[in-house]
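Undergrad: One structure coming up, written as structure tokens, with questions to follow.
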Amino acid sequence: MTAPATLIDVRGLTKRYGGHTVVDHVDMQVPRGVIYGFLGPNGSGKTTTIRMLCGLLTPDEGEGSCLGYDLRTQAREIKRQVGYMTQKFGLYEDLSVEENLDFIARIYQVPKRRERVDATLGQMGLGERRRQLAGALSGGWKQRLALAACLLHEPQLLLLDEPTAGVDPNARRQFWDRLHELAAEGLTVLVSTHYMDEAARCHALAYISEGRLLARGSGADLIAHAALASSAVSGPATGLAMLGHELRRDRALRSVAWFGATLHVSAGSRQALDDAFARAQPLMETQGLRAEPSEPGLEDVFIALMQDSGGGG
Ligand SMILES: Nc1ncnc2c1ncn2[C@@H]1O[C@H](COP(=O)(O)OP(=O)(O)OP(=O)(O)O)[C@@H](O)[C@H]1O
């Protein structure tokens with residue numbers, strides 16, 4: 001069956017556990033060839049949504065399709081055809097890189113198994129490590145092997161659940177370069193992440209909190225839609241810490257967060273921001289702190305969303 005132009009197309013997806021709604025009427029459309037980032041605080045429902053999308057969990061409410069297959073009646077087809085990488089990907093530590101891939105190719109009954117294993121080793125730059133034990137690989141290489149395992153059966157859609165958690169920045173960058181190459185070849189990727197630099201690398205984003213999708217669109221769309229006014233405050237670190245403590249209690253502000261050595265502060269309008277700084281003026285003056293208007297970024301938007309929904313920050 002030829003996959004449709006919209007690989008994920010679901011409406012009203014809902015899951016409850018013991019009377020608690022953990023995914024609450026989620027609508028999601030993911031077009032082919034796109035890297036779609038899925039963000040949200042811990043426990044917000046990302047894994048549960050992904051597991052419903054790949055046919056491993058049955059939704060309590062809602063409908064739709066994945067790869068053109070019905071989520072409710074064709075879950076078996078979806079499971080066979082997506083590439084799903086869980087947070088705790090299971091590799092056999094005492095098998096070599098090549099043996100791991102060969103074993104998984106057998107389970108999936110991949111046609112022309114030997115050729116596919118060889119091609120995937122080459123595609124993922126794992127050829128030189130093919131005889132190394134998986135258990136002896138660094139975190140970055142293990143994660144690359146896990147991605148290779150998801151690609152063996154040539155899926156058109158990858159569902160990746162925090163694939164780079166705990167991996168160093170260089171390995172994460174290489175992983176994302178690879179994802180972009182795959183997307184350029186036509187693969188579609190839904191990927192959950194907590195990293196802002198990764199969010200910025202996605203073509204489109206969705207932000208979920210307490211089971212509800214609060215924002216969707218490109219990074220630029222989300223920044224424009226949030227309509228935040230932001231400033232960066234600089235000065236001595238102790239003064240900034242005192243200011244941060246004071247501003248976090250100011251309910252007129254949407255987000256207060258450290259970005260390196262500056263404090264980023266956002267509000268719903270420039271006036272609200274100026275008013276908050278006016279209230280904090282005595283402290284800013286005695287501590288020698290300066291506020292300069294800045295462009296709000298994705299991180300400001302996500303912190304504001306998180307603080308609005310009481311999900312942390
Ligand atoms: N099988 C289950 N039984 C009961 N509650 C569950 C079950 N699976 C998940 N939950 C709850 O559902 C909520 C959403 O969990 P989920 O794992 O989908 O969040 P998440 O966004 O993926 O979190 P994280 O970023 O920490 O991985 C949490 O409160 C979790 O405790």
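Going through the structure tokens in order, the chains are called A, B, and so on, while each chain numbers its residues from 1 and the ligands are numbered from 1 in the order shown.
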Give the residues close to ligand 1, within 12 Å, counting only C-alpha atoms and all ligand atoms; write them as a PyMOL selection string.
TA: chain A and resi 14-24+38-52+56-58+86-88+160-163+165+191-195+207-213+311
Undergrad: Generate a file of the selected residues that holds N, CA and C atoms, formatted as a compact mmCIF listing (two decimals), in the first residue's frame.
TA:
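Okay, out-v2.txt is ready:
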# COMPACT_ATOMS: atom_id res chain seq x y z
N THR A 14 -7.31 10.21 22.91
CA THR A 14 -7.45 10.33 24.37
C THR A 14 -7.09 9.01 25.05
N LYS A 15 -6.37 9.11 26.17
CA LYS A 15 -6.07 7.91 26.96
C LYS A 15 -6.25 8.22 28.44
N ARG A 16 -6.92 7.32 29.13
CA ARG A 16 -7.12 7.51 30.57
C ARG A 16 -6.54 6.32 31.33
N TYR A 17 -5.98 6.61 32.49
CA TYR A 17 -5.55 5.55 33.41
C TYR A 17 -6.22 5.81 34.74
N GLY A 18 -7.05 4.88 35.18
CA GLY A 18 -7.70 5.00 36.49
C GLY A 18 -8.40 6.32 36.70
N GLY A 19 -9.15 6.77 35.69
CA GLY A 19 -9.92 8.01 35.83
C GLY A 19 -9.10 9.27 35.58
N HIS A 20 -7.77 9.12 35.38
CA HIS A 20 -6.92 10.27 35.12
C HIS A 20 -6.64 10.34 33.62
N THR A 21 -6.98 11.48 33.00
CA THR A 21 -6.78 11.61 31.55
C THR A 21 -5.34 12.04 31.28
N VAL A 22 -4.55 11.15 30.71
CA VAL A 22 -3.12 11.47 30.50
C VAL A 22 -2.86 11.97 29.08
N VAL A 23 -3.74 11.65 28.13
CA VAL A 23 -3.70 12.26 26.80
C VAL A 23 -5.14 12.70 26.52
N ASP A 24 -5.30 14.00 26.22
CA ASP A 24 -6.62 14.61 26.26
C ASP A 24 -6.97 15.25 24.91
N PHE A 38 8.20 16.84 19.27
CA PHE A 38 7.13 16.68 20.25
C PHE A 38 7.73 17.05 21.60
N LEU A 39 7.28 18.19 22.14
CA LEU A 39 7.87 18.70 23.38
C LEU A 39 6.84 18.77 24.50
N GLY A 40 7.33 18.76 25.71
CA GLY A 40 6.46 18.90 26.86
C GLY A 40 7.18 18.43 28.11
N PRO A 41 6.72 18.89 29.28
CA PRO A 41 7.39 18.50 30.53
C PRO A 41 7.30 16.99 30.78
N ASN A 42 8.05 16.51 31.76
CA ASN A 42 7.98 15.10 32.15
C ASN A 42 6.53 14.75 32.51
N GLY A 43 6.10 13.60 32.05
CA GLY A 43 4.77 13.11 32.43
C GLY A 43 3.62 13.81 31.72
N SER A 44 3.93 14.55 30.63
CA SER A 44 2.86 15.31 29.97
C SER A 44 2.07 14.48 28.96
N GLY A 45 2.54 13.29 28.64
CA GLY A 45 1.78 12.41 27.75
C GLY A 45 2.43 12.11 26.41
N LYS A 46 3.72 12.43 26.26
CA LYS A 46 4.38 12.23 24.97
C LYS A 46 4.50 10.73 24.65
N THR A 47 5.04 9.97 25.61
CA THR A 47 5.24 8.53 25.35
C THR A 47 3.90 7.85 25.10
N THR A 48 2.89 8.21 25.88
CA THR A 48 1.58 7.57 25.72
C THR A 48 1.01 7.88 24.33
N THR A 49 1.17 9.13 23.88
CA THR A 49 0.70 9.50 22.53
C THR A 49 1.44 8.69 21.48
N ILE A 50 2.76 8.63 21.61
CA ILE A 50 3.56 7.91 20.61
C ILE A 50 3.15 6.43 20.57
N ARG A 51 2.91 5.85 21.74
CA ARG A 51 2.53 4.43 21.78
C ARG A 51 1.14 4.19 21.16
N MET A 52 0.26 5.19 21.25
CA MET A 52 -1.03 5.05 20.55
C MET A 52 -0.82 5.17 19.04
N LEU A 56 0.64 0.37 19.66
CA LEU A 56 0.94 -0.44 20.85
C LEU A 56 -0.10 -0.23 21.96
N LEU A 57 -0.80 0.88 21.92
CA LEU A 57 -1.84 1.19 22.92
C LEU A 57 -3.11 1.55 22.15
N THR A 58 -4.25 1.11 22.66
CA THR A 58 -5.51 1.47 22.01
C THR A 58 -6.07 2.73 22.68
N THR A 86 12.35 3.37 21.51
CA THR A 86 11.86 3.72 22.85
C THR A 86 12.96 4.43 23.64
N GLN A 87 12.59 5.00 24.78
CA GLN A 87 13.57 5.68 25.63
C GLN A 87 14.66 4.71 26.07
N LYS A 88 14.23 3.48 26.43
CA LYS A 88 15.23 2.50 26.85
C LYS A 88 15.33 1.45 25.76
N LEU A 160 10.40 8.40 17.42
CA LEU A 160 11.57 8.34 18.30
C LEU A 160 11.23 9.01 19.63
N ASP A 161 11.32 8.24 20.71
CA ASP A 161 10.93 8.76 22.02
C ASP A 161 12.19 9.14 22.80
N GLU A 162 12.48 10.41 22.85
CA GLU A 162 13.67 10.95 23.51
C GLU A 162 14.92 10.14 23.15
N PRO A 163 15.23 10.07 21.86
CA PRO A 163 16.32 9.20 21.43
C PRO A 163 17.70 9.65 21.90
N ALA A 165 18.44 11.26 24.87
CA ALA A 165 18.56 11.55 26.31
C ALA A 165 19.88 11.00 26.83
N VAL A 191 9.59 13.02 16.75
CA VAL A 191 10.63 12.82 17.76
C VAL A 191 10.32 13.64 19.00
N SER A 192 10.31 12.96 20.15
CA SER A 192 10.10 13.72 21.39
C SER A 192 11.46 14.10 21.96
N THR A 193 11.52 15.29 22.54
CA THR A 193 12.79 15.77 23.08
C THR A 193 12.55 16.82 24.16
N HIS A 194 13.54 16.95 25.03
CA HIS A 194 13.52 18.05 26.01
C HIS A 194 14.54 19.11 25.65
N TYR A 195 15.32 18.87 24.57
CA TYR A 195 16.42 19.80 24.25
C TYR A 195 15.96 20.88 23.27
N TYR A 207 3.59 21.19 21.26
CA TYR A 207 3.91 21.26 22.69
C TYR A 207 2.72 20.72 23.47
N ILE A 208 2.98 19.72 24.32
CA ILE A 208 1.91 19.09 25.11
C ILE A 208 2.17 19.32 26.59
N SER A 209 1.09 19.58 27.33
CA SER A 209 1.21 19.72 28.78
C SER A 209 -0.03 19.12 29.41
N GLU A 210 0.16 18.29 30.41
CA GLU A 210 -0.93 17.60 31.07
C GLU A 210 -1.91 16.99 30.07
N GLY A 211 -1.34 16.38 29.02
CA GLY A 211 -2.15 15.65 28.05
C GLY A 211 -2.77 16.48 26.96
N ARG A 212 -2.68 17.82 27.07
CA ARG A 212 -3.32 18.66 26.06
C ARG A 212 -2.29 19.33 25.17
N LEU A 213 -2.54 19.32 23.86
CA LEU A 213 -1.64 20.03 22.93
C LEU A 213 -1.93 21.52 23.04
N GLY A 311 3.33 23.44 34.75
CA GLY A 311 4.09 22.20 34.55
C GLY A 311 5.54 22.28 34.95
Undergrad: Would you kindly return, as an mmCIF file with C-alpha atoms, in the first residue's frame, each protein, DNA or RNA residue with an atom no farther than 8 Å from any atom of segment 252-259 of chain A, considering only C-alpha atoms and excluding same-chain residues fewer than 2 positions away?
TA:
data_model
loop_
_atom_site.group_PDB
_atom_site.id
_atom_site.type_symbol
_atom_site.label_atom_id
_atom_site.label_comp_id
_atom_site.auth_asym_id
_atom_site.auth_seq_id
_atom_site.Cartn_x
_atom_site.Cartn_y
_atom_site.Cartn_z
ATOM 1 C CA GLY A 244 15.277 36.323 39.407
ATOM 2 C CA LEU A 247 10.553 38.451 39.296
ATOM 3 C CA ARG A 248 9.471 34.816 39.591
ATOM 4 C CA ASP A 250 5.564 38.639 39.717
ATOM 5 C CA ALA A 261 25.046 34.722 32.298
ATOM 6 C CA THR A 262 21.886 36.719 31.563
ATOM 7 C CA LEU A 263 18.373 36.515 32.916
ATOM 8 C CA HIS A 264 15.696 36.333 30.199
ATOM 9 C CA VAL A 265 12.370 37.814 31.193
ATOM 10 C CA SER A 266 9.190 37.677 29.085
ATOM 11 C CA ALA A 267 5.696 39.088 29.417
ATOM 12 C CA GLY A 268 2.568 39.271 27.274
ATOM 13 C CA ALA A 272 3.657 44.575 31.201
ATOM 14 C CA LEU A 273 7.403 43.937 31.022
ATOM 15 C CA ALA A 276 7.526 44.668 36.093
ATOM 16 C CA ASP A 300 11.172 31.668 26.100
ATOM 17 C CA ILE A 303 9.092 28.196 29.427
ATOM 18 C CA ALA A 304 6.088 30.536 29.212
ATOM 19 C CA GLN A 307 4.764 28.159 33.557
ATOM 20 C CA ASP A 308 1.222 28.951 32.284
#
Undergrad: Determine, counting only C-alpha atoms, which protein, DNA and RNA residues have an atom within 12 Å of an atom of segment 111-126 of chain A; residues of the same chain fewer than 2 positions away are not included. Present the result as a PDB file with C-alpha atoms, in the first residue's frame.
TA:
ATOM      1  CA  SER A  96      28.196  -7.574  18.328  1.00  0.00           C
ATOM      2  CA  VAL A  97      26.818  -4.615  16.380  1.00  0.00           C
ATOM      3  CA  GLU A  98      26.297  -6.821  13.348  1.00  0.00           C
ATOM      4  CA  GLU A  99      24.745  -9.677  15.347  1.00  0.00           C
ATOM      5  CA  ASN A 100      22.277  -7.256  16.945  1.00  0.00           C
ATOM      6  CA  LEU A 101      21.132  -6.050  13.535  1.00  0.00           C
ATOM      7  CA  ASP A 102      20.995  -9.566  12.134  1.00  0.00           C
ATOM      8  CA  PHE A 103      18.894 -10.736  15.082  1.00  0.00           C
ATOM      9  CA  ILE A 104      16.421  -7.869  14.675  1.00  0.00           C
ATOM     10  CA  ALA A 105      16.249  -8.427  10.913  1.00  0.00           C
ATOM     11  CA  ARG A 106      15.259 -12.056  11.613  1.00  0.00           C
ATOM     12  CA  ILE A 107      12.525 -11.003  14.036  1.00  0.00           C
ATOM     13  CA  TYR A 108      11.099  -8.579  11.484  1.00  0.00           C
ATOM     14  CA  GLN A 109      11.562 -11.215   8.752  1.00  0.00           C
ATOM     15  CA  GLU A 128      34.094  -0.421  11.105  1.00  0.00           C
ATOM     16  CA  ARG A 129      32.456  -1.362  14.391  1.00  0.00           C
ATOM     17  CA  ARG A 130      30.446  -4.287  13.096  1.00  0.00           C
ATOM     18  CA  ARG A 131      32.334  -6.844  15.239  1.00  0.00           C
ATOM     19  CA  GLN A 132      32.415  -4.743  18.404  1.00  0.00           C
ATOM     20  CA  ALA A 134      27.156  -3.556  21.689  1.00  0.00           C
ATOM     21  CA  LEU A 137      29.936   1.005  22.667  1.00  0.00           C
ATOM     22  CA  GLY A 140      26.361   7.887  21.242  1.00  0.00           C
ATOM     23  CA  TRP A 141      27.243   4.743  19.265  1.00  0.00           C
ATOM     24  CA  LYS A 142      24.631   2.654  21.108  1.00  0.00           C
ATOM     25  CA  GLN A 143      22.025   5.180  20.130  1.00  0.00           C
ATOM     26  CA  ARG A 144      23.231   5.093  16.534  1.00  0.00           C
ATOM     27  CA  LEU A 145      22.949   1.282  16.576  1.00  0.00           C
ATOM     28  CA  ALA A 146      19.421   1.591  17.998  1.00  0.00           C
ATOM     29  CA  LEU A 147      18.495   3.932  15.155  1.00  0.00           C
ATOM     30  CA  ALA A 148      20.037   1.495  12.659  1.00  0.00           C
ATOM     31  CA  ALA A 149      17.855  -1.270  14.131  1.00  0.00           C
ATOM     32  CA  CYS A 150      14.750   0.872  13.522  1.00  0.00           C
ATOM     33  CA  LEU A 151      15.742   1.407   9.893  1.00  0.00           C
ATOM     34  CA  LEU A 152      16.389  -2.226   8.944  1.00  0.00           C
ATOM     35  CA  HIS A 153      12.884  -2.883   7.672  1.00  0.00           C
ATOM     36  CA  GLU A 154      12.939   0.381   5.656  1.00  0.00           C
ATOM     37  CA  GLN A 174      25.621  13.797  14.475  1.00  0.00           C
ATOM     38  CA  PHE A 175      22.366  11.999  15.238  1.00  0.00           C
ATOM     39  CA  ASP A 177      22.456  15.452  10.947  1.00  0.00           C
ATOM     40  CA  ARG A 178      21.563  11.845  10.149  1.00  0.00           C
ATOM     41  CA  LEU A 179      17.850  12.484  10.829  1.00  0.00           C
ATOM     42  CA  GLU A 181      19.599  13.284   5.718  1.00  0.00           C
ATOM     43  CA  LEU A 182      16.917  10.625   6.205  1.00  0.00           C
TER      44      LEU A 182
END
Undergrad: Give the answer as one residue: which of A:Gly62, A:Gly288, A:Pro31, A:Gly37 has the shortest atom-to-atom distance to Val10 of chain A, using only C-alpha atoms?
TA: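 Among the listed residues, A:Gly62 lies closest to Val10 of chain A.
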Undergrad: Just list the residues in segment 119-177 of chain A DSSP gives helix (DSSP H, G or I) on the backbone, as JSON, numbers by chain.
TA: {"A": [119, 120, 121, 122, 123, 127, 128, 129, 134, 135, 136, 139, 140, 141, 142, 143, 144, 145, 146, 147, 148, 149, 150, 151, 169, 170, 171, 172, 173, 174, 175, 176, 177]}
Undergrad: Go through A:Leu214, A:Ala241, A:Ile223, A:Leu71 and flag the residue nearest Met306 of chain A, using only C-alpha atoms for the distances.
TA: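 Selected residue with least distance to Met306 of chain A: A:Leu214.
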Undergrad: What gap, in Å, lies between atom CA of Ala278 of chain A and atom CA of Val233 of chain A?
TA: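 Interatomic distance, atom CA of Ala278 of chain A to atom CA of Val233 of chain A: 13.4 Å.
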Undergrad: Which residue gives the smallest distance to Gly55 of chain A among A:Leu91, A:Ala5, A:Ala215, A:Leu159, with only C-alpha atoms counted?
TA: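 So, comparing all the options, the nearest one is A:Leu159.
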Undergrad: Quick check, in Å to one decimal: how far apart do atom CA of Ile8 of chain A and atom CA of Arg32 of chain A lie?
TA: 8.7 Å
Undergrad: Could you tell me how far atom CA of Ser138 of chain A lies from atom CA of Tyr92 of chain A, in Å and to one decimal?
TA: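 We find that atom CA of Ser138 of chain A and atom CA of Tyr92 of chain A lie 14.2 Å from each other.
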Undergrad: Which of these residues is nearest to Ala229 of chain A, using only C-alpha atoms: A:Asp9, A:Glu285, A:Asp274, A:Glu93?
TA: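 Closest to Ala229 of chain A, using only C-alpha atoms: A:Asp274.
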